[in-house]
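Okay, structure first, notes after.
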Amino acid sequence: MSGLTLRSVRKNYGDVPVIKGVDLDIAHGEFVVFVGPSGCGKSTLLRMIAGLEDITGGEVSIGDRVVNDVEPRDRGVAMVFQSYALYPHMSVYDNVGFGLKLAGTPKAVRDAKIRDAAKVLQMEHLLDRRPAQLSGGQRQRVAIGRAIVREPDVFLFDEPLSNLDAALRGDMRMELARLHNDLGATMIYVTHDQIEAMTLADKIVVLDAGMVQQVGSPLELYNNPANLFVAGFIGSPKMNILQAAVVAGADGPVLQTEMAGGGLAWCPAPEGLPVGGKVSVGLRPHALARDPAGPVTGEVRLVERLGNETLVRLALPSGQEITAALAGQEQIEPRQHIALGFGQADLLLFGEDGQRLTA
Ligand SMILES: Nc1ncnc2c1ncn2[C@@H]1O[C@H](COP(=O)(O)OP(=O)(O)OP(=O)(O)O)[C@@H](O)[C@H]1O
Ligand SMILES: [Mg+2]
């Protein structure tokens, strides 16, 4: 049984801090996804867990054991990289079993493990082939097979599907979900892909500049982002962010933004916000819909037809552009003027410090 705990984990490269104090609890069997912009430290954190990078400060524990000074091979983890790094001159069978052979595992035991892994990954018919005779998805399966035969308590995946085309990614994504169900092992998975993060994760960890911004289930992060960074990062297309001012209204302070010409007071301000204050208003593209009387008016700049929905880029009178994801196949053309509406409950408000304001 191996959960994982990170306590105040830090990493410096020379004088440059890259991981700036990460605390994280991962339960046994959990599927945890790390997301964040390029360079935020996802791979570094994964490599520290694997033991491939020294830990500058803090503690990494796997199960009940602090592993800061434990060799990678003794940590009970297996890592699958973006580049599969298969041996081209060896068969699939030998590629999958190579680590076991090096470790001196008896032939019969090795054979059983290789065949078990091949069965789980549905590649029994590929065991005699060489990597060059495989598709990208099949090669990726071999790389995962190599990790499975080691029977690790914790699997670490660093963007394992990013070299595959969209259709294959979709297939492999479902295979990974099935694998997680079958093996019941703890998995930590780095990806740039929103759909992978949302569908695979029990828990998503959003990182920015070496710090954890928020940890939660996919829907917690989508529905209740703690700050502007998470709001903008989770969800596709990206959440629209509009600037608003708190102004005096007849029944108390209201928010005013420039969705329609001249500015429009359209939302009571959360309690405690002084008149004159500034607020950022978040509105998801999917919260907008066609509404001739709606408050969001502007000129269409771009239309993207996806079949099941229509993405519209709209320039507001203020000049700011926002995105609407309209259901179905809307008849809208560039340069047309349209009006959109939304529900009050769809608005998310953030203070000047970027933190979420809850009314
Ligand atoms: N060996 C190294 N020496 C110095 N700096 C490094 C080294 N490896 C990584 N870095 C720096 O550490 C930061 C984090 O890198 P890391 O590879 O963890 O990012 P990442 O989140 O995985 O990015 P990506 O999404 O592009 O893979 C980056 O600023 C990177 O330039
Ligand atoms: Mg990386």
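Quick note on naming: the chains in the structure tokens go A, B, ... in the order shown, residues restart at 1 in each chain, and ligands are numbered from 1 in order of appearance.
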I'd like the contact shell of segment 327-331 of chain A - 12 Å cut-off, only C-alpha atoms, skipping same-chain residues fewer than 4 positions apart - returned as a CSV table (one decimal) with N, CA and C atoms, in the first residue's frame.
```csv
chain,number,residue,atom,x,y,z
A,285,PRO,N,-16.9,30.6,-21.6
A,285,PRO,CA,-17.5,30.6,-22.9
A,285,PRO,C,-18.8,29.8,-23.0
A,286,HIS,N,-18.9,28.7,-22.3
A,286,HIS,CA,-20.1,27.8,-22.4
A,286,HIS,C,-21.3,28.4,-21.6
A,287,ALA,N,-21.0,29.5,-20.8
A,287,ALA,CA,-22.1,30.1,-20.1
A,287,ALA,C,-22.9,31.1,-21.0
A,288,LEU,N,-22.3,31.4,-22.1
A,288,LEU,CA,-23.0,32.4,-23.0
A,288,LEU,C,-23.9,31.7,-24.0
A,289,ALA,N,-25.0,32.4,-24.3
A,289,ALA,CA,-26.0,31.9,-25.3
A,289,ALA,C,-26.6,33.0,-26.1
A,290,ARG,N,-27.0,32.8,-27.3
A,290,ARG,CA,-27.7,33.8,-28.1
A,290,ARG,C,-28.9,34.3,-27.4
A,300,VAL,N,-18.7,40.2,-34.4
A,300,VAL,CA,-18.1,38.9,-34.5
A,300,VAL,C,-16.8,39.1,-35.3
A,303,VAL,N,-15.4,32.9,-36.5
A,303,VAL,CA,-16.3,31.8,-36.2
A,303,VAL,C,-15.6,30.5,-36.4
A,304,GLU,N,-15.6,29.6,-35.5
A,304,GLU,CA,-15.0,28.3,-35.6
A,304,GLU,C,-16.2,27.3,-35.5
A,305,ARG,N,-16.4,26.5,-36.5
A,305,ARG,CA,-17.5,25.5,-36.5
A,305,ARG,C,-16.9,24.1,-36.2
A,306,LEU,N,-17.3,23.6,-35.0
A,306,LEU,CA,-16.8,22.3,-34.6
A,306,LEU,C,-17.8,21.2,-34.8
A,307,GLY,N,-18.9,21.5,-35.4
A,307,GLY,CA,-20.0,20.5,-35.6
A,307,GLY,C,-21.0,20.5,-34.5
A,308,ASN,N,-20.5,20.1,-33.3
A,308,ASN,CA,-21.4,20.0,-32.1
A,308,ASN,C,-21.6,21.4,-31.5
A,309,GLU,N,-20.6,22.3,-31.7
A,309,GLU,CA,-20.8,23.6,-31.2
A,309,GLU,C,-20.1,24.6,-32.1
A,310,THR,N,-20.4,25.9,-31.9
A,310,THR,CA,-19.8,27.0,-32.7
A,310,THR,C,-19.1,27.9,-31.7
A,311,LEU,N,-17.8,28.1,-32.0
A,311,LEU,CA,-17.0,29.0,-31.1
A,311,LEU,C,-17.0,30.4,-31.8
A,312,VAL,N,-17.3,31.4,-31.1
A,312,VAL,CA,-17.4,32.8,-31.7
A,312,VAL,C,-16.5,33.7,-30.9
A,336,GLN,N,-20.8,40.4,-38.3
A,336,GLN,CA,-22.2,40.5,-37.9
A,336,GLN,C,-22.2,41.0,-36.4
A,338,ILE,N,-24.0,40.7,-32.8
A,338,ILE,CA,-24.9,39.8,-32.1
A,338,ILE,C,-25.0,40.2,-30.6
```
- [ ] Step one, run DSSP on the backbone; step two, keep only residues of segment 25-200 of chain A assigned to alpha helix (DSSP H); then write them as a ChimeraX atom specification.
- [x] /A:42-50,92-102,107-120,136-148,166-183,194-200
Task: Residue contacts of Ala201 of chain A (9 Å, only C-alpha atoms) excluding same-chain residues fewer than 6 positions away, as a PyMOL selection string - done: chain A and resi 30-33+189+217-218
Convert the current residue selection to file output with N, CA and C atoms, as a CSV table (one decimal), in the first residue's frame.
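This is the output file part_26.csv:
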```csv
chain,number,residue,atom,x,y,z
A,30,GLU,N,-4.8,6.5,-5.8
A,30,GLU,CA,-5.3,7.7,-6.5
A,30,GLU,C,-4.7,7.9,-7.8
A,31,PHE,N,-5.4,8.5,-8.7
A,31,PHE,CA,-4.9,9.0,-10.0
A,31,PHE,C,-4.8,10.5,-9.9
A,32,VAL,N,-3.5,11.0,-9.9
A,32,VAL,CA,-3.3,12.4,-9.7
A,32,VAL,C,-2.7,13.0,-10.9
A,33,VAL,N,-3.2,14.1,-11.4
A,33,VAL,CA,-2.7,14.8,-12.6
A,33,VAL,C,-2.1,16.1,-12.2
A,189,TYR,N,0.5,11.7,-13.1
A,189,TYR,CA,0.4,11.9,-14.5
A,189,TYR,C,0.6,13.3,-14.9
A,217,SER,N,-10.7,17.9,-7.1
A,217,SER,CA,-11.3,17.1,-8.2
A,217,SER,C,-11.4,17.9,-9.4
A,218,PRO,N,-11.5,17.3,-10.6
A,218,PRO,CA,-11.7,18.1,-11.8
A,218,PRO,C,-12.8,19.1,-11.7
```
Open item on the list: To check your reading of the model: which residues sit at most 9 Å from ligand 2 when counting only C-alpha atoms and all ligand atoms? Write the answer as a PyMOL selection string.
Closed with: chain A and resi 38-44+46+158-159+190-191
Emit the selected residues as a short mmCIF file (atom, residue, chain, number, x, y, z; two decimals), in the first residue's frame, including C-alpha atoms.
```
data_model
loop_
_atom_site.label_atom_id
_atom_site.label_comp_id
_atom_site.auth_asym_id
_atom_site.auth_seq_id
_atom_site.Cartn_x
_atom_site.Cartn_y
_atom_site.Cartn_z
CA SER A 38 5.52 25.06 -19.60
CA GLY A 39 8.47 25.46 -17.23
CA CYS A 40 6.39 25.53 -14.02
CA GLY A 41 8.20 22.48 -12.62
CA LYS A 42 5.95 19.48 -13.37
CA SER A 43 8.71 17.23 -14.73
CA THR A 44 11.12 18.35 -12.01
CA LEU A 46 8.01 13.99 -10.94
CA ASP A 158 5.44 12.43 -17.94
CA GLU A 159 3.23 13.40 -20.89
CA VAL A 190 1.73 15.06 -16.16
CA THR A 191 -0.16 16.43 -19.14
#
```
TODO: Could you tell me, counting only C-alpha atoms and all ligand atoms, which protein and nucleic acid residues lie no more than 12 Å from ligand 1, written as a PyMOL selection string?
DONE: chain A and resi 10-20+34-48+52-54+81-82+157-160+162+189-193+206-212
Selection file, C-alpha atoms, as a PDB file, in the first residue's frame:
```
ATOM      1  CA  ARG A  10      11.970  22.475  -2.715  1.00  0.00           C
ATOM      2  CA  LYS A  11      14.385  22.316  -5.628  1.00  0.00           C
ATOM      3  CA  ASN A  12      17.013  24.831  -6.667  1.00  0.00           C
ATOM      4  CA  TYR A  13      19.123  24.627  -9.796  1.00  0.00           C
ATOM      5  CA  GLY A  14      22.159  26.581  -8.627  1.00  0.00           C
ATOM      6  CA  ASP A  15      20.682  29.715  -7.048  1.00  0.00           C
ATOM      7  CA  VAL A  16      17.453  29.474  -8.997  1.00  0.00           C
ATOM      8  CA  PRO A  17      14.457  28.107  -7.075  1.00  0.00           C
ATOM      9  CA  VAL A  18      12.320  25.945  -9.364  1.00  0.00           C
ATOM     10  CA  ILE A  19      10.109  24.124  -6.829  1.00  0.00           C
ATOM     11  CA  LYS A  20       9.275  26.527  -4.024  1.00  0.00           C
ATOM     12  CA  PHE A  34      -0.146  17.622 -12.543  1.00  0.00           C
ATOM     13  CA  VAL A  35      -0.980  20.515 -14.872  1.00  0.00           C
ATOM     14  CA  GLY A  36       0.576  23.941 -15.327  1.00  0.00           C
ATOM     15  CA  PRO A  37       2.283  26.111 -17.930  1.00  0.00           C
ATOM     16  CA  SER A  38       5.523  25.058 -19.596  1.00  0.00           C
ATOM     17  CA  GLY A  39       8.471  25.457 -17.232  1.00  0.00           C
ATOM     18  CA  CYS A  40       6.394  25.533 -14.017  1.00  0.00           C
ATOM     19  CA  GLY A  41       8.201  22.476 -12.623  1.00  0.00           C
ATOM     20  CA  LYS A  42       5.949  19.475 -13.370  1.00  0.00           C
ATOM     21  CA  SER A  43       8.711  17.233 -14.729  1.00  0.00           C
ATOM     22  CA  THR A  44      11.116  18.347 -12.014  1.00  0.00           C
ATOM     23  CA  LEU A  45       8.635  17.376  -9.302  1.00  0.00           C
ATOM     24  CA  LEU A  46       8.006  13.993 -10.942  1.00  0.00           C
ATOM     25  CA  ARG A  47      11.733  13.345 -11.279  1.00  0.00           C
ATOM     26  CA  MET A  48      12.254  14.221  -7.607  1.00  0.00           C
ATOM     27  CA  LEU A  52      16.215  11.163 -10.642  1.00  0.00           C
ATOM     28  CA  GLU A  53      16.775  14.648  -9.146  1.00  0.00           C
ATOM     29  CA  ASP A  54      18.189  15.572  -5.737  1.00  0.00           C
ATOM     30  CA  PHE A  81       8.497   9.160 -20.381  1.00  0.00           C
ATOM     31  CA  GLN A  82       7.182  11.066 -23.369  1.00  0.00           C
ATOM     32  CA  PHE A 157       3.877   9.344 -16.315  1.00  0.00           C
ATOM     33  CA  ASP A 158       5.441  12.427 -17.936  1.00  0.00           C
ATOM     34  CA  GLU A 159       3.227  13.398 -20.893  1.00  0.00           C
ATOM     35  CA  PRO A 160       3.160   9.816 -22.169  1.00  0.00           C
ATOM     36  CA  SER A 162       1.929  13.767 -26.346  1.00  0.00           C
ATOM     37  CA  TYR A 189       0.442  11.868 -14.524  1.00  0.00           C
ATOM     38  CA  VAL A 190       1.727  15.064 -16.160  1.00  0.00           C
ATOM     39  CA  THR A 191      -0.156  16.429 -19.144  1.00  0.00           C
ATOM     40  CA  HIS A 192      -0.898  19.582 -21.125  1.00  0.00           C
ATOM     41  CA  ASP A 193      -4.129  18.059 -22.366  1.00  0.00           C
ATOM     42  CA  VAL A 206      -2.431  23.006 -10.657  1.00  0.00           C
ATOM     43  CA  LEU A 207       1.141  24.304 -10.519  1.00  0.00           C
ATOM     44  CA  ASP A 208       2.497  27.715 -11.439  1.00  0.00           C
ATOM     45  CA  ALA A 209       6.092  28.869 -11.083  1.00  0.00           C
ATOM     46  CA  GLY A 210       7.010  26.025  -8.732  1.00  0.00           C
ATOM     47  CA  MET A 211       4.051  26.495  -6.397  1.00  0.00           C
ATOM     48  CA  VAL A 212       0.756  24.669  -5.981  1.00  0.00           C
TER      49      VAL A 212
END
```
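Each of A:Ala78, A:Ala293, A:Leu242, A:Ala248 was compared to Val275 of chain A using only C-alpha atoms, and A:Ala248 turns out to be the nearest.
One finds atom CA of Ala197 of chain A at 12.3 Å from atom CA of Gly170 of chain A.
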Task: Shell of 12 Å around Lys238 of chain A, only C-alpha atoms, local chain residues under 3 positions omitted, as number ranges by chain - done: A: 194, 222, 228-235, 241, 282-287, 311, 313, 322-325
For Ser8 of chain A, find every residue with an atom within 7 Å (counting only C-alpha atoms), except residues of its own chain fewer than 4 positions away, and show them as a PDB file with N, CA and C atoms, in the first residue's frame.
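What landed in result.pdb:
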```
ATOM      1  N   GLY A  21       8.495  24.888  -2.409  1.00  0.00           N
ATOM      2  CA  GLY A  21       7.768  24.494  -1.197  1.00  0.00           C
ATOM      3  C   GLY A  21       6.427  23.889  -1.553  1.00  0.00           C
ATOM      4  N   VAL A  22       6.446  22.611  -1.915  1.00  0.00           N
ATOM      5  CA  VAL A  22       5.203  21.926  -2.316  1.00  0.00           C
ATOM      6  C   VAL A  22       4.798  20.940  -1.234  1.00  0.00           C
ATOM      7  N   ASP A  23       3.533  21.049  -0.795  1.00  0.00           N
ATOM      8  CA  ASP A  23       2.933  20.093   0.134  1.00  0.00           C
ATOM      9  C   ASP A  23       1.825  19.362  -0.594  1.00  0.00           C
ATOM     10  N   GLY A  58      13.015  19.758   2.231  1.00  0.00           N
ATOM     11  CA  GLY A  58      11.736  19.103   2.453  1.00  0.00           C
ATOM     12  C   GLY A  58      11.845  17.597   2.399  1.00  0.00           C
ATOM     13  N   GLU A  59      10.687  16.927   2.397  1.00  0.00           N
ATOM     14  CA  GLU A  59      10.658  15.469   2.510  1.00  0.00           C
ATOM     15  C   GLU A  59       9.699  14.848   1.508  1.00  0.00           C
TER      16      GLU A  59
END
```
- [ ] Identify, on the basis of only C-alpha atoms, every residue whose closest approach to Ala245 of chain A does not exceed 12 Å; exclude the query and any residue fewer than 2 positions from it along the same chain; express the result as a PyMOL selection string.
- [x] chain A and resi 242-243+247-249+253-258+263-269+273-281+349-352
